[in-house]
file coords_2.pdb (PDB, C-alpha atoms, pLDDT in the B column)
ATOM      1  CA  ILE A 533      88.204  88.145 103.567  1.00 57.00           C
ATOM      2  CA  HIS A 534      91.328  86.099 104.204  1.00 60.00           C
ATOM      3  CA  SER A 535      93.033  87.910 107.046  1.00 61.00           C
ATOM      4  CA  LYS A 536      92.302  88.914 110.578  1.00 68.00           C
ATOM      5  CA  GLY A 537      93.422  92.462 109.787  1.00 66.00           C
ATOM      6  CA  LEU A 538      91.018  92.833 106.852  1.00 67.00           C
ATOM      7  CA  LEU A 539      88.216  91.272 108.883  1.00 75.00           C
ATOM      8  CA  GLU A 540      88.839  93.855 111.605  1.00 78.00           C
ATOM      9  CA  ASN A 541      88.665  96.613 108.957  1.00 77.00           C
ATOM     10  CA  LEU A 542      85.355  95.223 107.712  1.00 80.00           C
ATOM     11  CA  CYS A 543      83.946  95.086 111.244  1.00 86.00           C
ATOM     12  CA  HIS A 544      85.022  98.673 111.791  1.00 87.00           C
ATOM     13  CA  ALA A 545      83.277  99.718 108.551  1.00 85.00           C
ATOM     14  CA  ILE A 546      80.074  97.946 109.622  1.00 89.00           C
ATOM     15  CA  LYS A 547      80.163  99.727 112.994  1.00 91.00           C
ATOM     16  CA  ILE A 548      80.564 103.102 111.276  1.00 91.00           C
ATOM     17  CA  ALA A 549      77.737 102.310 108.843  1.00 90.00           C
ATOM     18  CA  LEU A 550      75.459 101.414 111.758  1.00 91.00           C
ATOM     19  CA  ASP A 551      76.478 104.608 113.596  1.00 93.00           C
ATOM     20  CA  LEU A 552      75.547 106.556 110.455  1.00 92.00           C
ATOM     21  CA  LYS A 553      72.100 104.900 110.597  1.00 93.00           C
ATOM     22  CA  ILE A 554      72.583 103.012 107.298  1.00 92.00           C
ATOM     23  CA  ASP A 555      69.866 100.372 106.951  1.00 93.00           C
ATOM     24  CA  LYS A 556      71.033  96.933 108.129  1.00 91.00           C
ATOM     25  CA  LYS A 557      69.562  95.326 104.987  1.00 93.00           C
ATOM     26  CA  ILE A 558      71.787  97.507 102.792  1.00 90.00           C
ATOM     27  CA  ILE A 559      74.819  96.507 104.876  1.00 89.00           C
ATOM     28  CA  GLU A 560      73.880  92.811 104.585  1.00 89.00           C
ATOM     29  CA  LYS A 561      73.503  93.077 100.798  1.00 89.00           C
ATOM     30  CA  THR A 562      76.809  94.929 100.479  1.00 86.00           C
ATOM     31  CA  ILE A 563      79.080  92.663 102.532  1.00 82.00           C
ATOM     32  CA  PRO A 564      79.320  89.795  99.967  1.00 79.00           C
ATOM     33  CA  LYS A 565      80.339  92.313  97.289  1.00 77.00           C
ATOM     34  CA  ILE A 566      83.244  93.795  99.248  1.00 72.00           C
ATOM     35  CA  LYS A 567      86.687  93.372  97.711  1.00 71.00           C
ATOM     36  CA  PHE A 568      90.000  94.691  98.891  1.00 64.00           C
ATOM     37  CA  ILE A 569      91.790  95.204  95.571  1.00 67.00           C
ATOM     38  CA  GLY A 570      95.455  94.314  95.873  1.00 65.00           C
ATOM     39  CA  ARG A 571      94.992  92.695  99.285  1.00 72.00           C
ATOM     40  CA  PHE A 572      94.758  88.892  99.440  1.00 76.00           C
ATOM     41  CA  GLN A 573      93.471  89.049  95.863  1.00 88.00           C
ATOM     42  CA  TYR A 574      93.491  85.923  93.720  1.00 91.00           C
ATOM     43  CA  LEU A 575      93.820  86.473  89.982  1.00 93.00           C
ATOM     44  CA  GLU A 576      91.150  84.152  88.584  1.00 92.00           C
ATOM     45  CA  LYS A 577      91.319  85.331  84.967  1.00 93.00           C
ATOM     46  CA  GLY A 578      93.321  87.588  82.693  1.00 94.00           C
ATOM     47  CA  LYS A 579      96.577  87.589  80.751  1.00 95.00           C
ATOM     48  CA  ILE A 580      98.765  86.545  83.685  1.00 94.00           C
ATOM     49  CA  LYS A 581      96.488  83.710  84.749  1.00 93.00           C
ATOM     50  CA  LYS A 582      96.428  82.420  81.153  1.00 92.00           C
ATOM     51  CA  ARG A 583     100.246  82.218  81.150  1.00 92.00           C
ATOM     52  CA  LEU A 584     100.256  79.873  84.137  1.00 94.00           C
ATOM     53  CA  HIS A 585      99.698  76.132  84.144  1.00 93.00           C
ATOM     54  CA  LYS A 586      96.226  74.987  85.187  1.00 91.00           C
ATOM     55  CA  ASN A 587      97.652  73.566  88.451  1.00 93.00           C
ATOM     56  CA  GLU A 588      98.916  76.960  89.534  1.00 96.00           C
ATOM     57  CA  LYS A 589      97.128  79.681  91.477  1.00 96.00           C
ATOM     58  CA  ILE A 590      98.319  83.260  91.747  1.00 96.00           C
ATOM     59  CA  MET A 591      97.602  85.773  94.467  1.00 95.00           C
ATOM     60  CA  ILE A 592      98.693  89.364  94.985  1.00 95.00           C
ATOM     61  CA  ASP A 593      98.957  91.181  98.263  1.00 93.00           C
ATOM     62  CA  GLY A 594     100.178  94.719  98.752  1.00 89.00           C
ATOM     63  CA  ALA A 595     101.391  93.894 102.255  1.00 86.00           C
ATOM     64  CA  HIS A 596     104.420  96.095 102.947  1.00 88.00           C
ATOM     65  CA  ALA A 597     104.546  96.594 106.723  1.00 88.00           C
ATOM     66  CA  GLU A 598     105.522  94.217 109.501  1.00 90.00           C
ATOM     67  CA  ALA A 599     101.905  93.792 110.711  1.00 87.00           C
ATOM     68  CA  ASP A 600     100.764  93.130 107.114  1.00 87.00           C
ATOM     69  CA  ALA A 601     103.506  90.519 106.770  1.00 92.00           C
ATOM     70  CA  LYS A 602     102.314  88.767 109.916  1.00 91.00           C
ATOM     71  CA  ASN A 603      98.707  88.682 108.615  1.00 88.00           C
ATOM     72  CA  LEU A 604      99.791  87.361 105.216  1.00 92.00           C
ATOM     73  CA  ALA A 605     102.145  84.787 106.750  1.00 94.00           C
ATOM     74  CA  ASN A 606      99.386  83.503 109.045  1.00 92.00           C
ATOM     75  CA  TYR A 607      97.035  83.134 106.078  1.00 91.00           C
ATOM     76  CA  LEU A 608      99.669  81.388 103.955  1.00 94.00           C
ATOM     77  CA  LYS A 609     100.270  78.873 106.753  1.00 95.00           C
ATOM     78  CA  THR A 610      96.682  77.654 106.231  1.00 93.00           C
ATOM     79  CA  ILE A 611      97.344  76.840 102.551  1.00 94.00           C
ATOM     80  CA  LYS A 612      98.545  73.290 101.985  1.00 95.00           C
ATOM     81  CA  LEU A 613      99.996  73.914  98.492  1.00 96.00           C
ATOM     82  CA  PRO A 614     103.694  74.655  97.931  1.00 97.00           C
ATOM     83  CA  LYS A 615     104.193  78.420  98.004  1.00 98.00           C
ATOM     84  CA  TYR A 616     106.494  80.508  95.809  1.00 98.00           C
ATOM     85  CA  GLY A 617     106.900  84.239  96.269  1.00 97.00           C
ATOM     86  CA  ILE A 618     107.604  87.181  94.023  1.00 97.00           C
ATOM     87  CA  TRP A 619     108.828  89.947  96.321  1.00 97.00           C
ATOM     88  CA  ALA A 620     109.201  93.676  95.586  1.00 97.00           C
ATOM     89  CA  MET A 621     109.327  96.658  97.974  1.00 96.00           C
ATOM     90  CA  THR A 622     109.896 100.392  98.052  1.00 94.00           C
ATOM     91  CA  LYS A 623     112.868 102.020  99.789  1.00 92.00           C
ATOM     92  CA  ASN A 624     110.783 103.714 102.489  1.00 91.00           C
ATOM     93  CA  LYS A 625     109.755 100.358 104.020  1.00 92.00           C
ATOM     94  CA  GLU A 626     111.678  97.960 106.266  1.00 93.00           C
ATOM     95  CA  PRO A 627     112.355  94.891 104.114  1.00 94.00           C
ATOM     96  CA  ASP A 628     114.481  93.130 106.729  1.00 93.00           C
ATOM     97  CA  LEU A 629     111.768  93.238 109.415  1.00 94.00           C
ATOM     98  CA  PHE A 630     109.114  92.444 106.809  1.00 95.00           C
ATOM     99  CA  ILE A 631     110.672  89.293 105.314  1.00 96.00           C
ATOM    100  CA  LYS A 632     111.459  87.737 108.712  1.00 95.00           C
ATOM    101  CA  LYS A 633     107.748  86.967 109.116  1.00 95.00           C
ATOM    102  CA  PHE A 634     107.950  84.556 106.144  1.00 95.00           C
ATOM    103  CA  LYS A 635     110.630  82.169 107.431  1.00 94.00           C
ATOM    104  CA  GLY A 636     109.692  78.606 106.562  1.00 95.00           C
ATOM    105  CA  ILE A 637     106.693  79.572 104.395  1.00 96.00           C
ATOM    106  CA  PHE A 638     108.048  79.758 100.849  1.00 97.00           C
ATOM    107  CA  LYS A 639     109.877  77.057  98.902  1.00 97.00           C
ATOM    108  CA  LYS A 640     111.529  79.937  97.054  1.00 97.00           C
ATOM    109  CA  ILE A 641     111.210  83.675  96.587  1.00 98.00           C
ATOM    110  CA  ILE A 642     112.123  85.533  93.412  1.00 98.00           C
ATOM    111  CA  THR A 643     113.088  89.127  94.169  1.00 98.00           C
ATOM    112  CA  VAL A 644     112.223  91.805  91.627  1.00 97.00           C
ATOM    113  CA  SER A 645     112.374  95.563  91.337  1.00 96.00           C
ATOM    114  CA  ILE A 646     109.079  97.356  90.844  1.00 94.00           C
ATOM    115  CA  GLU A 647     108.919  98.231  87.182  1.00 89.00           C
ATOM    116  CA  ASN A 648     108.926 101.977  86.414  1.00 88.00           C
ATOM    117  CA  GLU A 649     109.238 102.883  90.096  1.00 90.00           C
ATOM    118  CA  SER A 650     112.308 104.903  91.133  1.00 91.00           C
ATOM    119  CA  SER A 651     111.702 104.279  94.843  1.00 92.00           C
ATOM    120  CA  SER A 652     111.947 100.496  94.393  1.00 94.00           C
ATOM    121  CA  VAL A 653     114.537  98.489  96.307  1.00 95.00           C
ATOM    122  CA  SER A 654     116.690  96.628  93.793  1.00 96.00           C
ATOM    123  CA  ALA A 655     116.106  92.923  93.261  1.00 97.00           C
ATOM    124  CA  THR A 656     119.758  92.363  94.204  1.00 97.00           C
ATOM    125  CA  GLU A 657     119.362  94.121  97.561  1.00 97.00           C
ATOM    126  CA  LEU A 658     116.117  92.234  98.357  1.00 97.00           C
ATOM    127  CA  ASN A 659     117.845  88.967  97.472  1.00 97.00           C
ATOM    128  CA  LYS A 660     120.692  89.765  99.904  1.00 98.00           C
ATOM    129  CA  ILE A 661     118.143  90.533 102.636  1.00 97.00           C
ATOM    130  CA  ALA A 662     116.237  87.293 102.007  1.00 97.00           C
ATOM    131  CA  GLN A 663     119.422  85.201 102.029  1.00 96.00           C
ATOM    132  CA  ARG A 664     120.644  86.934 105.199  1.00 96.00           C
ATOM    133  CA  ASN A 665     117.367  85.751 106.762  1.00 95.00           C
ATOM    134  CA  LYS A 666     117.991  82.193 105.497  1.00 95.00           C
ATOM    135  CA  ILE A 667     115.200  82.316 102.920  1.00 96.00           C
ATOM    136  CA  ASN A 668     115.773  80.495  99.628  1.00 96.00           C
ATOM    137  CA  SER A 669     115.742  83.228  97.003  1.00 97.00           C
ATOM    138  CA  GLU A 670     117.048  84.336  93.649  1.00 97.00           C
ATOM    139  CA  ILE A 671     116.961  87.477  91.552  1.00 97.00           C
ATOM    140  CA  GLY A 672     114.437  88.046  88.788  1.00 97.00           C
ATOM    141  CA  ASN A 673     114.993  90.619  86.056  1.00 95.00           C
ATOM    142  CA  SER A 674     111.274  91.483  85.968  1.00 95.00           C
ATOM    143  CA  PHE A 675     107.867  90.204  87.000  1.00 95.00           C
ATOM    144  CA  SER A 676     107.651  88.236  83.728  1.00 94.00           C
ATOM    145  CA  ASP A 677     111.073  86.710  84.361  1.00 96.00           C
ATOM    146  CA  ALA A 678     110.005  85.709  87.884  1.00 96.00           C
ATOM    147  CA  ILE A 679     106.920  83.959  86.490  1.00 96.00           C
ATOM    148  CA  LYS A 680     109.131  82.074  84.003  1.00 95.00           C
ATOM    149  CA  LYS A 681     111.450  80.963  86.828  1.00 96.00           C
ATOM    150  CA  ILE A 682     108.604  79.609  88.962  1.00 95.00           C
ATOM    151  CA  SER A 683     105.869  78.405  86.610  1.00 94.00           C
ATOM    152  CA  ASN A 684     105.742  74.700  85.751  1.00 94.00           C
ATOM    153  CA  LYS A 685     103.265  71.828  85.980  1.00 93.00           C
ATOM    154  CA  GLU A 686     103.710  71.434  89.751  1.00 94.00           C
ATOM    155  CA  LYS A 687     100.566  72.232  91.742  1.00 97.00           C
ATOM    156  CA  LYS A 688     101.371  75.410  93.681  1.00 97.00           C
ATOM    157  CA  ILE A 689     100.449  78.947  94.576  1.00 97.00           C
ATOM    158  CA  LEU A 690     102.435  82.021  93.540  1.00 97.00           C
ATOM    159  CA  ILE A 691     102.215  84.991  95.861  1.00 97.00           C
ATOM    160  CA  CYS A 692     103.248  88.462  94.674  1.00 96.00           C
ATOM    161  CA  PHE A 693     103.792  90.606  97.764  1.00 96.00           C
ATOM    162  CA  GLY A 694     105.600  93.522  99.374  1.00 94.00           C
ATOM    163  CA  SER A 695     104.220  96.551  97.553  1.00 92.00           C
ATOM    164  CA  LEU A 696     100.901  98.071  96.558  1.00 90.00           C
ATOM    165  CA  TYR A 697     102.776  99.746  93.675  1.00 91.00           C
ATOM    166  CA  ASN A 698     103.826  96.331  92.404  1.00 92.00           C
ATOM    167  CA  CYS A 699     100.275  94.987  92.800  1.00 91.00           C
ATOM    168  CA  GLY A 700      99.002  97.886  90.707  1.00 91.00           C
ATOM    169  CA  SER A 701     101.615  97.130  88.060  1.00 92.00           C
ATOM    170  CA  ILE A 702     100.623  93.447  88.039  1.00 94.00           C
ATOM    171  CA  LEU A 703      96.900  94.294  87.789  1.00 92.00           C
ATOM    172  CA  ASN A 704      97.669  96.592  84.836  1.00 91.00           C
ATOM    173  CA  LYS A 705      99.512  93.760  83.089  1.00 91.00           C
ATOM    174  CA  ASN A 706      96.620  91.381  83.744  1.00 91.00           C
TER     175      ASN A 706
END
call {"tool": "encode", "arguments": {"input": "coords_2.pdb", "output": "structure tokens"}}
result
Amino acid sequence: IHSKGLLENLCHAIKIALDLKIDKKIIEKTIPKIKFIGRFQYLEKGKIKKRLHKNEKIMIDGAHAEADAKNLANYLKTIKLPKYGIWAMTKNKEPDLFIKKFKGIFKKIITVSIENESSSVSATELNKIAQRNKINSEIGNSFSDAIKKISNKEKKILICFGSLYNCGSILNKN
């Protein structure tokens, strides 16, 4: 659990389990197995991880709201590695408010459209929003293109964020 928000969700779940009279031993055994797929999730293996250099880590987070952005930004501030983002969002979100939380965090962000998603904000529009907020960014033609633009031998972490739809797409590719 890497964020205050997810930790609060876990605490809430424990409280409900206790209220439902679920045995404390079952709760204790379950907690280490809990995963929030698509939230603060590191890709430790798979096709995408194999394409990266050994010095690179990759993480996905479906954060898409202002509060999610704040949680993710606070977590990323604790990571000492250079950070590069791959950002995608849907049209029903507020990308301008969202991206403001990441000022000073990323060395660069590659903006992409969510593949096969008609409600995706275009990579061009996201790039304009990032640059308006003084965030170093450029447009990627796809997730694969974004990886090509970022991946090299430099020790770093890549963070794919802004949409649960995009996280699902990435997990399918992996």
call {"tool": "closest_residue", "arguments": {"input": "coords_2.pdb", "among": "A:Ile702, A:Met621, A:Val653, A:Leu690", "to": "Leu608 (chain A)", "atoms": "only C-alpha atoms"}}
result
A:Leu690
call {"tool": "residues_around", "arguments": {"input": "coords_2.pdb", "residues": "region 654-664 of chain A", "least_positions_apart": "6", "cutoff": "8 Å", "atoms": "all atoms listed in the file", "output": "PyMOL selection string"}}
result
chain A and resi 619-620+627-628+631+642-645+670-673
call {"tool": "residues_near_point", "arguments": {"input": "coords_2.pdb", "point": "(106.8, 104.3, 97.2)", "cutoff": "10 Å", "atoms": "all atoms listed in the file", "output": "ChimeraX atom specification"}}
result
/A:621-625,646,649-653,695-698
call {"tool": "residues_around", "arguments": {"input": "coords_2.pdb", "residues": "Ile563 (chain A)", "least_positions_apart": "4", "cutoff": "9 Å", "atoms": "only C-alpha atoms", "output": "PyMOL selection string"}}
result
chain A and resi 542+546+558-559
call {"tool": "resolve_selection", "arguments": {"input": "coords_2.pdb", "expression": "the PyMOL selection byres ((chain A and resi 582-584) around 10)", "output": "CSV table (one decimal) with C-alpha atoms, in the coordinates of the input"}}
result
chain,number,residue,atom,x,y,z
A,576,GLU,CA,91.2,84.2,88.6
A,577,LYS,CA,91.3,85.3,85.0
A,578,GLY,CA,93.3,87.6,82.7
A,579,LYS,CA,96.6,87.6,80.8
A,580,ILE,CA,98.8,86.5,83.7
A,581,LYS,CA,96.5,83.7,84.7
A,585,HIS,CA,99.7,76.1,84.1
A,586,LYS,CA,96.2,75.0,85.2
A,587,ASN,CA,97.7,73.6,88.5
A,588,GLU,CA,98.9,77.0,89.5
A,589,LYS,CA,97.1,79.7,91.5
A,590,ILE,CA,98.3,83.3,91.7
A,676,SER,CA,107.7,88.2,83.7
A,679,ILE,CA,106.9,84.0,86.5
A,680,LYS,CA,109.1,82.1,84.0
A,682,ILE,CA,108.6,79.6,89.0
A,683,SER,CA,105.9,78.4,86.6
A,684,ASN,CA,105.7,74.7,85.8
A,685,LYS,CA,103.3,71.8,86.0
A,690,LEU,CA,102.4,82.0,93.5
A,706,ASN,CA,96.6,91.4,83.7
call {"tool": "atom_distance", "arguments": {"input": "coords_2.pdb", "atom1": "CA of Thr610 (chain A)", "atom2": "CA of Lys666 (chain A)"}}
result
21.8 Å
call {"tool": "closest_residue", "arguments": {"input": "coords_2.pdb", "among": "A:Ala595, A:Ile618, A:Phe634, A:Phe693", "to": "Ser674 (chain A)", "atoms": "only C-alpha atoms"}}
result
A:Ile618
call {"tool": "residues_near_point", "arguments": {"input": "coords_2.pdb", "point": "(97.1, 93.6, 90.0)", "cutoff": "9 Å", "atoms": "all atoms listed in the file", "output": "PyMOL selection string"}}
result
chain A and resi 569-570+573+575+592-593+696+698-706
call {"tool": "atom_distance", "arguments": {"input": "coords_2.pdb", "atom1": "CA of Leu604 (chain A)", "atom2": "CA of Ile548 (chain A)"}}
result
25.6 Å
call {"tool": "atom_distance", "arguments": {"input": "coords_2.pdb", "atom1": "CA of Lys681 (chain A)", "atom2": "CA of Ile667 (chain A)"}}
result
16.6 Å
call {"tool": "closest_residue", "arguments": {"input": "coords_2.pdb", "among": "A:Lys687, A:Lys565, A:Lys633, A:Lys615", "to": "His596 (chain A)", "atoms": "only C-alpha atoms"}}
result
A:Lys633
call {"tool": "axis_aligned_box", "arguments": {"input": "coords_2.pdb", "around": "region 544-563 of chain A", "padding_each_side": "5 Å", "output": "lines of an AutoDock Vina configuration file"}}
result
center_x = 77.3
center_y = 99.6
center_z = 107.0
size_x = 25.5
size_y = 23.9
size_z = 23.1
call {"tool": "decode", "arguments": {"input": "coords_2.pdb", "residues": "region 539-562 of chain A", "atoms": "N, CA, C and O atoms", "output": "mmCIF file, in the first residue's frame"}}
result
data_model
loop_
_atom_site.group_PDB
_atom_site.id
_atom_site.type_symbol
_atom_site.label_atom_id
_atom_site.label_comp_id
_atom_site.auth_asym_id
_atom_site.auth_seq_id
_atom_site.Cartn_x
_atom_site.Cartn_y
_atom_site.Cartn_z
ATOM 1 N N LEU A 539 -4.449 3.344 1.896
ATOM 2 C CA LEU A 539 -4.360 2.880 3.277
ATOM 3 C C LEU A 539 -5.675 3.164 4.017
ATOM 4 O O LEU A 539 -6.168 2.318 4.768
ATOM 5 N N GLU A 540 -6.256 4.329 3.758
ATOM 6 C CA GLU A 540 -7.549 4.643 4.366
ATOM 7 C C GLU A 540 -8.626 3.662 3.890
ATOM 8 O O GLU A 540 -9.461 3.225 4.683
ATOM 9 N N ASN A 541 -8.599 3.313 2.598
ATOM 10 C CA ASN A 541 -9.554 2.329 2.069
ATOM 11 C C ASN A 541 -9.380 0.981 2.757
ATOM 12 O O ASN A 541 -10.361 0.310 3.098
ATOM 13 N N LEU A 542 -8.140 0.571 2.953
ATOM 14 C CA LEU A 542 -7.860 -0.697 3.623
ATOM 15 C C LEU A 542 -8.372 -0.669 5.065
ATOM 16 O O LEU A 542 -9.002 -1.625 5.525
ATOM 17 N N CYS A 543 -8.123 0.425 5.757
ATOM 18 C CA CYS A 543 -8.597 0.547 7.143
ATOM 19 C C CYS A 543 -10.124 0.475 7.200
ATOM 20 O O CYS A 543 -10.686 -0.169 8.093
ATOM 21 N N HIS A 544 -10.761 1.109 6.245
ATOM 22 C CA HIS A 544 -12.219 1.074 6.176
ATOM 23 C C HIS A 544 -12.709 -0.366 5.961
ATOM 24 O O HIS A 544 -13.654 -0.816 6.615
ATOM 25 N N ALA A 545 -12.031 -1.096 5.079
ATOM 26 C CA ALA A 545 -12.400 -2.493 4.805
ATOM 27 C C ALA A 545 -12.220 -3.360 6.059
ATOM 28 O O ALA A 545 -13.053 -4.227 6.348
ATOM 29 N N ILE A 546 -11.149 -3.128 6.794
ATOM 30 C CA ILE A 546 -10.918 -3.883 8.033
ATOM 31 C C ILE A 546 -12.033 -3.601 9.037
ATOM 32 O O ILE A 546 -12.567 -4.519 9.668
ATOM 33 N N LYS A 547 -12.414 -2.336 9.170
ATOM 34 C CA LYS A 547 -13.488 -1.960 10.093
ATOM 35 C C LYS A 547 -14.797 -2.662 9.719
ATOM 36 O O LYS A 547 -15.498 -3.205 10.583
ATOM 37 N N ILE A 548 -15.105 -2.683 8.430
ATOM 38 C CA ILE A 548 -16.329 -3.355 7.975
ATOM 39 C C ILE A 548 -16.255 -4.852 8.255
ATOM 40 O O ILE A 548 -17.220 -5.455 8.740
ATOM 41 N N ALA A 549 -15.089 -5.456 7.981
ATOM 42 C CA ALA A 549 -14.923 -6.890 8.239
ATOM 43 C C ALA A 549 -15.126 -7.198 9.723
ATOM 44 O O ALA A 549 -15.784 -8.188 10.080
ATOM 45 N N LEU A 550 -14.581 -6.360 10.586
ATOM 46 C CA LEU A 550 -14.762 -6.559 12.028
ATOM 47 C C LEU A 550 -16.236 -6.388 12.419
ATOM 48 O O LEU A 550 -16.758 -7.150 13.233
ATOM 49 N N ASP A 551 -16.897 -5.384 11.828
ATOM 50 C CA ASP A 551 -18.325 -5.174 12.104
ATOM 51 C C ASP A 551 -19.159 -6.369 11.658
ATOM 52 O O ASP A 551 -20.193 -6.668 12.261
ATOM 53 N N LEU A 552 -18.715 -7.043 10.601
ATOM 54 C CA LEU A 552 -19.414 -8.229 10.100
ATOM 55 C C LEU A 552 -19.017 -9.498 10.859
ATOM 56 O O LEU A 552 -19.402 -10.597 10.487
ATOM 57 N N LYS A 553 -18.234 -9.315 11.919
ATOM 58 C CA LYS A 553 -17.809 -10.418 12.797
ATOM 59 C C LYS A 553 -16.908 -11.434 12.075
ATOM 60 O O LYS A 553 -16.910 -12.618 12.412
ATOM 61 N N ILE A 554 -16.134 -10.970 11.087
ATOM 62 C CA ILE A 554 -15.159 -11.849 10.428
ATOM 63 C C ILE A 554 -13.987 -12.043 11.381
ATOM 64 O O ILE A 554 -13.499 -11.090 11.998
ATOM 65 N N ASP A 555 -13.560 -13.269 11.528
ATOM 66 C CA ASP A 555 -12.488 -13.637 12.462
ATOM 67 C C ASP A 555 -11.234 -12.802 12.193
ATOM 68 O O ASP A 555 -10.787 -12.667 11.057
ATOM 69 N N LYS A 556 -10.667 -12.252 13.277
ATOM 70 C CA LYS A 556 -9.467 -11.409 13.157
ATOM 71 C C LYS A 556 -8.303 -12.161 12.507
ATOM 72 O O LYS A 556 -7.502 -11.567 11.788
ATOM 73 N N LYS A 557 -8.199 -13.464 12.746
ATOM 74 C CA LYS A 557 -7.108 -14.245 12.152
ATOM 75 C C LYS A 557 -7.240 -14.302 10.625
ATOM 76 O O LYS A 557 -6.246 -14.273 9.912
ATOM 77 N N ILE A 558 -8.464 -14.383 10.144
ATOM 78 C CA ILE A 558 -8.693 -14.378 8.688
ATOM 79 C C ILE A 558 -8.295 -13.015 8.113
ATOM 80 O O ILE A 558 -7.641 -12.940 7.068
ATOM 81 N N ILE A 559 -8.649 -11.950 8.803
ATOM 82 C CA ILE A 559 -8.280 -10.602 8.357
ATOM 83 C C ILE A 559 -6.755 -10.472 8.316
ATOM 84 O O ILE A 559 -6.191 -9.986 7.331
ATOM 85 N N GLU A 560 -6.084 -10.932 9.375
ATOM 86 C CA GLU A 560 -4.619 -10.843 9.438
ATOM 87 C C GLU A 560 -3.944 -11.631 8.316
ATOM 88 O O GLU A 560 -2.936 -11.196 7.761
ATOM 89 N N LYS A 561 -4.493 -12.788 7.983
ATOM 90 C CA LYS A 561 -3.923 -13.606 6.900
ATOM 91 C C LYS A 561 -4.173 -12.975 5.531
ATOM 92 O O LYS A 561 -3.394 -13.159 4.601
ATOM 93 N N THR A 562 -5.265 -12.255 5.412
ATOM 94 C CA THR A 562 -5.671 -11.670 4.133
ATOM 95 C C THR A 562 -4.905 -10.389 3.800
ATOM 96 O O THR A 562 -4.567 -10.156 2.634
#
